[in-house]
file entry-v1.cif (mmCIF, C-alpha atoms)
data_structure
loop_
_atom_site.label_atom_id
_atom_site.label_comp_id
_atom_site.auth_asym_id
_atom_site.auth_seq_id
_atom_site.Cartn_x
_atom_site.Cartn_y
_atom_site.Cartn_z
CA MET W 1 47.09 35.67 80.76
CA LEU W 2 47.72 39.06 79.15
CA PHE W 3 51.12 37.86 77.94
CA VAL W 4 49.58 34.75 76.35
CA LEU W 5 46.96 36.89 74.61
CA ALA W 6 49.65 39.25 73.29
CA CYS W 7 51.67 36.29 71.99
CA LEU W 8 48.64 34.84 70.23
CA MET W 9 47.88 38.18 68.61
CA ALA W 10 51.48 38.51 67.43
CA VAL W 11 51.40 35.02 65.90
CA ALA W 12 48.08 35.77 64.20
CA MET W 13 49.44 39.00 62.75
CA GLN W 14 52.56 37.25 61.50
CA GLY W 15 50.40 34.64 59.84
CA GLN W 16 48.72 37.45 57.90
CA GLY W 17 52.07 39.05 57.05
CA TYR W 18 51.60 42.16 59.20
CA TYR W 19 53.94 43.54 61.81
CA THR W 20 52.04 46.80 62.10
CA LYS W 21 48.43 47.77 62.68
CA TYR W 22 46.13 46.70 59.87
CA TYR W 23 43.46 49.10 58.63
CA ALA W 24 40.51 47.34 57.01
CA ASP W 25 39.07 50.57 55.58
CA ARG W 26 40.09 50.34 51.92
CA GLN W 27 39.22 53.97 51.22
CA MET W 28 41.46 55.14 54.08
CA ARG W 29 44.30 52.93 52.82
CA ASN W 30 43.93 54.41 49.34
CA ILE W 31 43.87 57.99 50.67
CA ALA W 32 46.96 57.34 52.78
CA ARG W 33 48.89 55.68 49.94
CA ALA W 34 48.04 58.55 47.57
CA TRP W 35 49.12 61.10 50.21
CA LEU W 36 52.38 59.23 50.82
CA LYS W 37 53.09 59.03 47.09
CA SER W 38 52.25 62.73 46.58
CA GLY W 39 55.08 63.79 48.88
CA HIS W 40 53.04 66.53 50.58
CA TRP W 41 54.57 65.38 53.86
CA ARG W 42 58.19 65.97 52.73
CA ASN W 43 58.55 69.67 53.63
CA GLY W 44 61.63 69.81 51.44
CA PHE W 45 63.06 66.45 52.57
CA PHE W 46 64.36 64.50 49.59
CA LYS W 47 67.35 62.67 51.09
CA ALA W 48 65.34 59.46 51.55
CA ASP W 49 61.97 57.84 51.00
CA PRO W 50 59.86 55.81 53.42
CA HIS W 51 60.69 52.11 53.39
CA GLU W 52 57.92 50.02 51.81
CA THR W 53 57.06 48.60 55.25
CA VAL W 54 56.04 52.02 56.65
CA ASN W 55 52.38 51.97 57.64
CA ALA W 56 50.95 54.62 55.29
CA VAL W 57 47.68 54.95 57.22
CA ASP W 58 49.37 55.46 60.59
CA PHE W 59 51.80 57.94 59.03
CA TYR W 60 48.96 59.85 57.34
CA LEU W 61 46.81 59.98 60.50
CA GLN W 62 49.69 61.01 62.76
CA TYR W 63 50.84 63.67 60.32
CA GLN W 64 47.30 65.14 60.22
CA LYS W 65 47.15 65.24 64.04
CA ASN W 66 50.54 66.91 64.49
CA PRO W 67 51.70 68.50 61.21
CA ASP W 68 54.00 71.08 62.84
CA GLN W 69 56.10 68.39 64.49
CA TRP W 70 56.42 66.34 61.31
CA LYS W 71 57.19 69.41 59.18
CA ALA W 72 59.91 70.47 61.63
CA LEU W 73 61.41 66.97 61.61
CA PHE W 74 61.60 66.72 57.82
CA GLU W 75 62.85 70.29 57.42
CA TRP W 76 65.61 69.65 60.00
CA LEU W 77 66.59 66.38 58.31
CA GLU W 78 66.92 68.07 54.93
CA LYS W 79 68.84 71.12 56.15
CA THR W 80 71.21 69.30 58.50
CA ASP W 81 74.46 67.60 57.53
CA LEU W 82 73.71 64.40 59.42
CA LEU W 83 77.18 62.98 58.82
CA ALA W 84 78.87 66.03 60.35
CA LEU W 85 76.88 66.03 63.61
CA PRO W 86 78.64 64.80 66.74
CA LYS W 87 77.50 61.49 68.19
CA GLY W 88 74.91 61.96 70.92
CA ARG W 89 71.65 63.78 71.47
CA VAL W 90 70.86 66.81 69.31
CA PRO W 91 67.76 68.99 69.93
CA ILE W 92 65.65 69.75 66.88
CA PRO W 93 65.12 73.53 66.94
CA GLY W 94 61.62 74.81 67.66
CA THR W 95 60.39 71.43 68.92
CA THR W 96 60.59 69.14 71.93
CA MET W 97 62.12 66.43 69.72
CA VAL W 98 65.69 65.26 70.16
CA ALA W 99 67.64 63.33 67.55
CA SER W 100 69.88 60.56 68.77
CA ILE W 101 72.95 60.36 66.53
CA GLU W 102 74.34 56.84 66.89
CA ASP W 103 77.58 55.46 65.50
CA ASP W 104 77.36 51.74 66.07
CA THR W 105 78.04 48.28 64.72
CA ASN W 106 75.39 45.81 63.57
CA LYS W 107 75.26 42.60 65.59
CA ASP W 108 73.97 39.05 65.16
CA LEU W 109 70.18 38.84 65.39
CA GLU W 110 70.28 36.60 68.47
CA ARG W 111 72.30 39.25 70.35
CA GLN W 112 69.74 42.00 69.72
CA ARG W 113 66.53 42.71 71.62
CA SER W 114 63.16 43.52 70.19
CA GLU W 115 61.53 46.81 71.10
CA SER W 116 58.30 48.72 70.76
CA HIS W 117 57.20 52.14 71.96
CA LEU W 118 53.99 53.18 73.69
CA HIS W 119 53.89 56.94 73.20
CA HIS W 120 56.22 57.66 70.30
CA VAL W 121 56.78 56.93 66.66
CA ASP W 122 60.33 55.73 66.18
CA PHE W 123 61.84 57.47 63.14
CA GLN W 124 64.99 55.60 62.12
CA PHE W 125 67.24 56.67 59.28
CA VAL W 126 70.60 55.05 58.56
CA VAL W 127 72.74 57.79 57.01
CA ARG W 128 75.93 55.75 56.62
CA GLY W 129 76.25 52.04 56.04
CA HIS W 130 73.51 49.43 55.90
CA GLU W 131 71.36 48.27 58.80
CA ARG W 132 69.04 45.30 58.89
CA PHE W 133 65.81 45.39 60.86
CA GLY W 134 64.06 42.33 62.15
CA ILE W 135 60.33 42.80 61.78
CA ILE W 136 58.52 39.70 60.57
CA ASP W 137 61.04 39.28 57.84
CA HIS W 138 64.37 41.09 57.68
CA TYR W 139 64.63 44.41 55.86
CA THR W 140 67.76 46.32 55.05
CA SER W 141 67.89 50.07 55.47
CA THR W 142 70.20 52.20 53.37
CA PRO W 143 70.77 55.96 53.23
CA LYS W 144 67.96 56.13 50.65
CA LYS W 145 65.21 54.81 52.97
CA PHE W 146 63.86 55.54 56.43
CA PHE W 147 61.67 53.51 58.75
CA LEU W 148 58.77 54.58 60.96
CA PHE W 149 57.79 52.27 63.79
CA PHE W 150 54.47 53.13 65.41
CA PRO W 151 53.37 52.02 68.89
CA GLY W 152 52.95 48.28 68.83
CA ASP W 153 55.32 47.81 65.87
CA TRP W 154 57.81 45.38 67.34
CA HIS W 155 61.18 45.58 65.66
CA ILE W 156 64.81 44.64 66.15
CA ALA W 157 67.36 47.24 65.07
CA LYS W 158 71.06 47.06 64.20
CA VAL W 159 71.02 43.50 62.90
CA LYS W 160 74.08 42.31 60.98
CA THR W 161 73.81 42.46 57.19
CA ASP W 162 75.57 40.32 54.58
CA ARG W 163 78.08 43.13 53.89
CA ASP W 164 81.68 43.19 55.11
CA ASP W 165 81.36 46.58 56.83
CA GLN W 166 78.87 46.52 59.73
CA ASN W 167 79.58 50.07 60.93
CA ILE W 168 76.62 52.41 60.72
CA ARG W 169 75.47 55.90 61.59
CA VAL W 170 71.80 56.08 62.47
CA VAL W 171 69.59 59.03 63.27
CA VAL W 172 66.74 58.09 65.63
CA VAL W 173 64.01 60.57 66.55
CA LYS W 174 61.08 59.88 68.87
CA VAL W 175 58.04 61.63 67.39
CA ASP W 176 55.01 62.18 69.64
CA TYR W 177 52.21 59.71 68.96
CA LEU W 178 48.80 61.35 69.32
#
call {"tool": "encode", "arguments": {"input": "entry-v1.cif", "output": "structure tokens"}}
result
Amino acid sequence: MLFVLACLMAVAMQGQGYYTKYYADRQMRNIARAWLKSGHWRNGFFKADPHETVNAVDFYLQYQKNPDQWKALFEWLEKTDLLALPKGRVPIPGTTMVASIEDDTNKDLERQRSESHLHHVDFQFVVRGHERFGIIDHYTSTPKKFFLFFPGDWHIAKVKTDRDDQNIRVVVVKVDYL
């Protein structure tokens, strides 16, 4: 029964064009969008911008609840040569966060699995190549954009693009969701 209810909710959200939590409070949406545009969250990070699908309200609220973690993440991203890091897990100094440095190849959509996270925000940043994400529609990530997937944001990563080269380097960090 719970599964059926979850499926119905997912279909309803897709019908409205949302893959992420919707906030009806217009004032909160405006505050969050202005905050996102202001760049106060960057902490020196200018290598990439949030993809247009990032939920500005969730990002704003989570940043306010745990600013030290977010500041450390963005500072580390800016100061680190992400292409020179070895593949594998890399601790982010001064935090409990660990970056997963993944060299991989995009695959056909039907070969990939969807995922969601209960207790973490999934920060995903392709630093080499192009990666397509399946959300409701398909979105391509480049080294100029990053994605944030909040709990309940179902997504499919590492989906083949229309480019010849499907090799990618992705930095994935699980940020605590409070």
call {"tool": "resolve_selection", "arguments": {"input": "entry-v1.cif", "expression": "the PyMOL selection byres ((chain W and resi 144) around 7)", "output": "MDAnalysis selection string"}}
result
chainID W and resid 47:49 142:143 145
call {"tool": "atom_distance", "arguments": {"input": "entry-v1.cif", "atom1": "CA of Pro67 (chain W)", "atom2": "CA of Trp154 (chain W)"}}
result
24.7 Å
call {"tool": "residues_around", "arguments": {"input": "entry-v1.cif", "residues": "Arg169 (chain W)", "least_positions_apart": "3", "cutoff": "7 Å", "atoms": "all atoms listed in the file", "output": "ChimeraX atom specification"}}
result
/W:102-104,126-129
call {"tool": "resolve_selection", "arguments": {"input": "entry-v1.cif", "expression": "the PyMOL selection byres ((chain W and resi 28) around 12)", "output": "JSON, numbers by chain"}}
result
{"W": [22, 23, 24, 25, 26, 27, 29, 30, 31, 32, 33, 34, 35, 55, 56, 57, 58, 59, 60, 61]}
call {"tool": "write_last_selection", "arguments": {"input": "entry-v1.cif", "atoms": "C-alpha atoms", "output": "PDB file, keeping the file's coordinate frame"}}
result
ATOM      1  CA  TYR W  22      46.130  46.700  59.870  1.00  0.00           C
ATOM      2  CA  TYR W  23      43.460  49.100  58.630  1.00  0.00           C
ATOM      3  CA  ALA W  24      40.510  47.340  57.010  1.00  0.00           C
ATOM      4  CA  ASP W  25      39.070  50.570  55.580  1.00  0.00           C
ATOM      5  CA  ARG W  26      40.090  50.340  51.920  1.00  0.00           C
ATOM      6  CA  GLN W  27      39.220  53.970  51.220  1.00  0.00           C
ATOM      7  CA  ARG W  29      44.300  52.930  52.820  1.00  0.00           C
ATOM      8  CA  ASN W  30      43.930  54.410  49.340  1.00  0.00           C
ATOM      9  CA  ILE W  31      43.870  57.990  50.670  1.00  0.00           C
ATOM     10  CA  ALA W  32      46.960  57.340  52.780  1.00  0.00           C
ATOM     11  CA  ARG W  33      48.890  55.680  49.940  1.00  0.00           C
ATOM     12  CA  ALA W  34      48.040  58.550  47.570  1.00  0.00           C
ATOM     13  CA  TRP W  35      49.120  61.100  50.210  1.00  0.00           C
ATOM     14  CA  ASN W  55      52.380  51.970  57.640  1.00  0.00           C
ATOM     15  CA  ALA W  56      50.950  54.620  55.290  1.00  0.00           C
ATOM     16  CA  VAL W  57      47.680  54.950  57.220  1.00  0.00           C
ATOM     17  CA  ASP W  58      49.370  55.460  60.590  1.00  0.00           C
ATOM     18  CA  PHE W  59      51.800  57.940  59.030  1.00  0.00           C
ATOM     19  CA  TYR W  60      48.960  59.850  57.340  1.00  0.00           C
ATOM     20  CA  LEU W  61      46.810  59.980  60.500  1.00  0.00           C
TER      21      LEU W  61
END
call {"tool": "atom_distance", "arguments": {"input": "entry-v1.cif", "atom1": "CA of Glu110 (chain W)", "atom2": "CA of Val175 (chain W)"}}
result
27.9 Å
call {"tool": "closest_residue", "arguments": {"input": "entry-v1.cif", "among": "W:Ala84, W:Ile156, W:Ala99, W:Leu36", "to": "Lys174 (chain W)", "atoms": "all atoms listed in the file"}}
result
W:Ala99
call {"tool": "atom_distance", "arguments": {"input": "entry-v1.cif", "atom1": "CA of Phe147 (chain W)", "atom2": "CA of Thr53 (chain W)"}}
result
7.6 Å
call {"tool": "closest_residue", "arguments": {"input": "entry-v1.cif", "among": "W:Arg89, W:His119, W:His130, W:Arg163", "to": "Pro151 (chain W)", "atoms": "all atoms listed in the file"}}
result
W:His119
call {"tool": "closest_residue", "arguments": {"input": "entry-v1.cif", "among": "W:Gly134, W:Asp164, W:Ser114, W:Val121", "to": "Asn66 (chain W)", "atoms": "all atoms listed in the file"}}
result
W:Val121
call {"tool": "resolve_selection", "arguments": {"input": "entry-v1.cif", "expression": "the PyMOL selection byres ((chain W and resi 111) around 12)", "output": "PyMOL selection string"}}
result
chain W and resi 106-110+112-114+156-160
call {"tool": "build_atoms", "arguments": {"input": "entry-v1.cif", "residues": "region 110-129 of chain W", "atoms": "N, CA, C and O atoms", "output": "tab-separated table (two decimals), keeping the file's coordinate frame"}}
result
chain	number	residue	atom	x	y	z
W	110	GLU	N	70.53	37.19	67.15
W	110	GLU	CA	70.28	36.60	68.47
W	110	GLU	C	70.86	37.42	69.61
W	110	GLU	O	70.51	37.22	70.76
W	111	ARG	N	71.73	38.38	69.30
W	111	ARG	CA	72.30	39.25	70.35
W	111	ARG	C	71.50	40.54	70.54
W	111	ARG	O	71.78	41.30	71.45
W	112	GLN	N	70.52	40.77	69.66
W	112	GLN	CA	69.74	42.00	69.72
W	112	GLN	C	68.39	41.74	70.38
W	112	GLN	O	67.87	40.63	70.35
W	113	ARG	N	67.83	42.82	70.94
W	113	ARG	CA	66.53	42.71	71.62
W	113	ARG	C	65.47	43.41	70.79
W	113	ARG	O	65.73	44.41	70.14
W	114	SER	N	64.26	42.87	70.87
W	114	SER	CA	63.16	43.52	70.19
W	114	SER	C	62.67	44.69	71.04
W	114	SER	O	62.91	44.74	72.25
W	115	GLU	N	62.03	45.65	70.38
W	115	GLU	CA	61.53	46.81	71.10
W	115	GLU	C	60.25	47.31	70.45
W	115	GLU	O	59.96	47.01	69.29
W	116	SER	N	59.50	48.05	71.22
W	116	SER	CA	58.30	48.72	70.76
W	116	SER	C	58.14	49.94	71.65
W	116	SER	O	58.74	50.02	72.72
W	117	HIS	N	57.35	50.88	71.22
W	117	HIS	CA	57.20	52.14	71.96
W	117	HIS	C	55.73	52.42	72.19
W	117	HIS	O	54.91	52.21	71.30
W	118	LEU	N	55.39	52.92	73.36
W	118	LEU	CA	53.99	53.18	73.69
W	118	LEU	C	53.51	54.56	73.26
W	118	LEU	O	52.38	54.71	72.82
W	119	HIS	N	54.34	55.57	73.38
W	119	HIS	CA	53.89	56.94	73.20
W	119	HIS	C	54.61	57.69	72.08
W	119	HIS	O	54.43	58.90	71.96
W	120	HIS	N	55.43	56.98	71.33
W	120	HIS	CA	56.22	57.66	70.30
W	120	HIS	C	56.24	56.85	69.02
W	120	HIS	O	56.11	55.63	69.04
W	121	VAL	N	56.45	57.55	67.93
W	121	VAL	CA	56.78	56.93	66.66
W	121	VAL	C	58.30	56.94	66.60
W	121	VAL	O	58.93	57.95	66.88
W	122	ASP	N	58.88	55.84	66.27
W	122	ASP	CA	60.33	55.73	66.18
W	122	ASP	C	60.73	55.98	64.74
W	122	ASP	O	60.49	55.15	63.86
W	123	PHE	N	61.32	57.15	64.47
W	123	PHE	CA	61.84	57.47	63.14
W	123	PHE	C	63.28	57.01	63.12
W	123	PHE	O	64.09	57.46	63.95
W	124	GLN	N	63.63	56.11	62.19
W	124	GLN	CA	64.99	55.60	62.12
W	124	GLN	C	65.51	55.73	60.69
W	124	GLN	O	64.87	55.26	59.75
W	125	PHE	N	66.66	56.37	60.59
W	125	PHE	CA	67.24	56.67	59.28
W	125	PHE	C	68.73	56.39	59.34
W	125	PHE	O	69.49	57.06	60.02
W	126	VAL	N	69.17	55.36	58.62
W	126	VAL	CA	70.60	55.05	58.56
W	126	VAL	C	71.20	55.99	57.51
W	126	VAL	O	70.74	56.04	56.38
W	127	VAL	N	72.15	56.80	57.92
W	127	VAL	CA	72.74	57.79	57.01
W	127	VAL	C	74.12	57.37	56.52
W	127	VAL	O	74.67	58.00	55.62
W	128	ARG	N	74.67	56.32	57.10
W	128	ARG	CA	75.93	55.75	56.62
W	128	ARG	C	75.91	54.25	56.90
W	128	ARG	O	75.61	53.82	58.01
W	129	GLY	N	76.22	53.49	55.89
W	129	GLY	CA	76.25	52.04	56.04
W	129	GLY	C	74.91	51.41	55.70
W	129	GLY	O	74.05	52.03	55.07
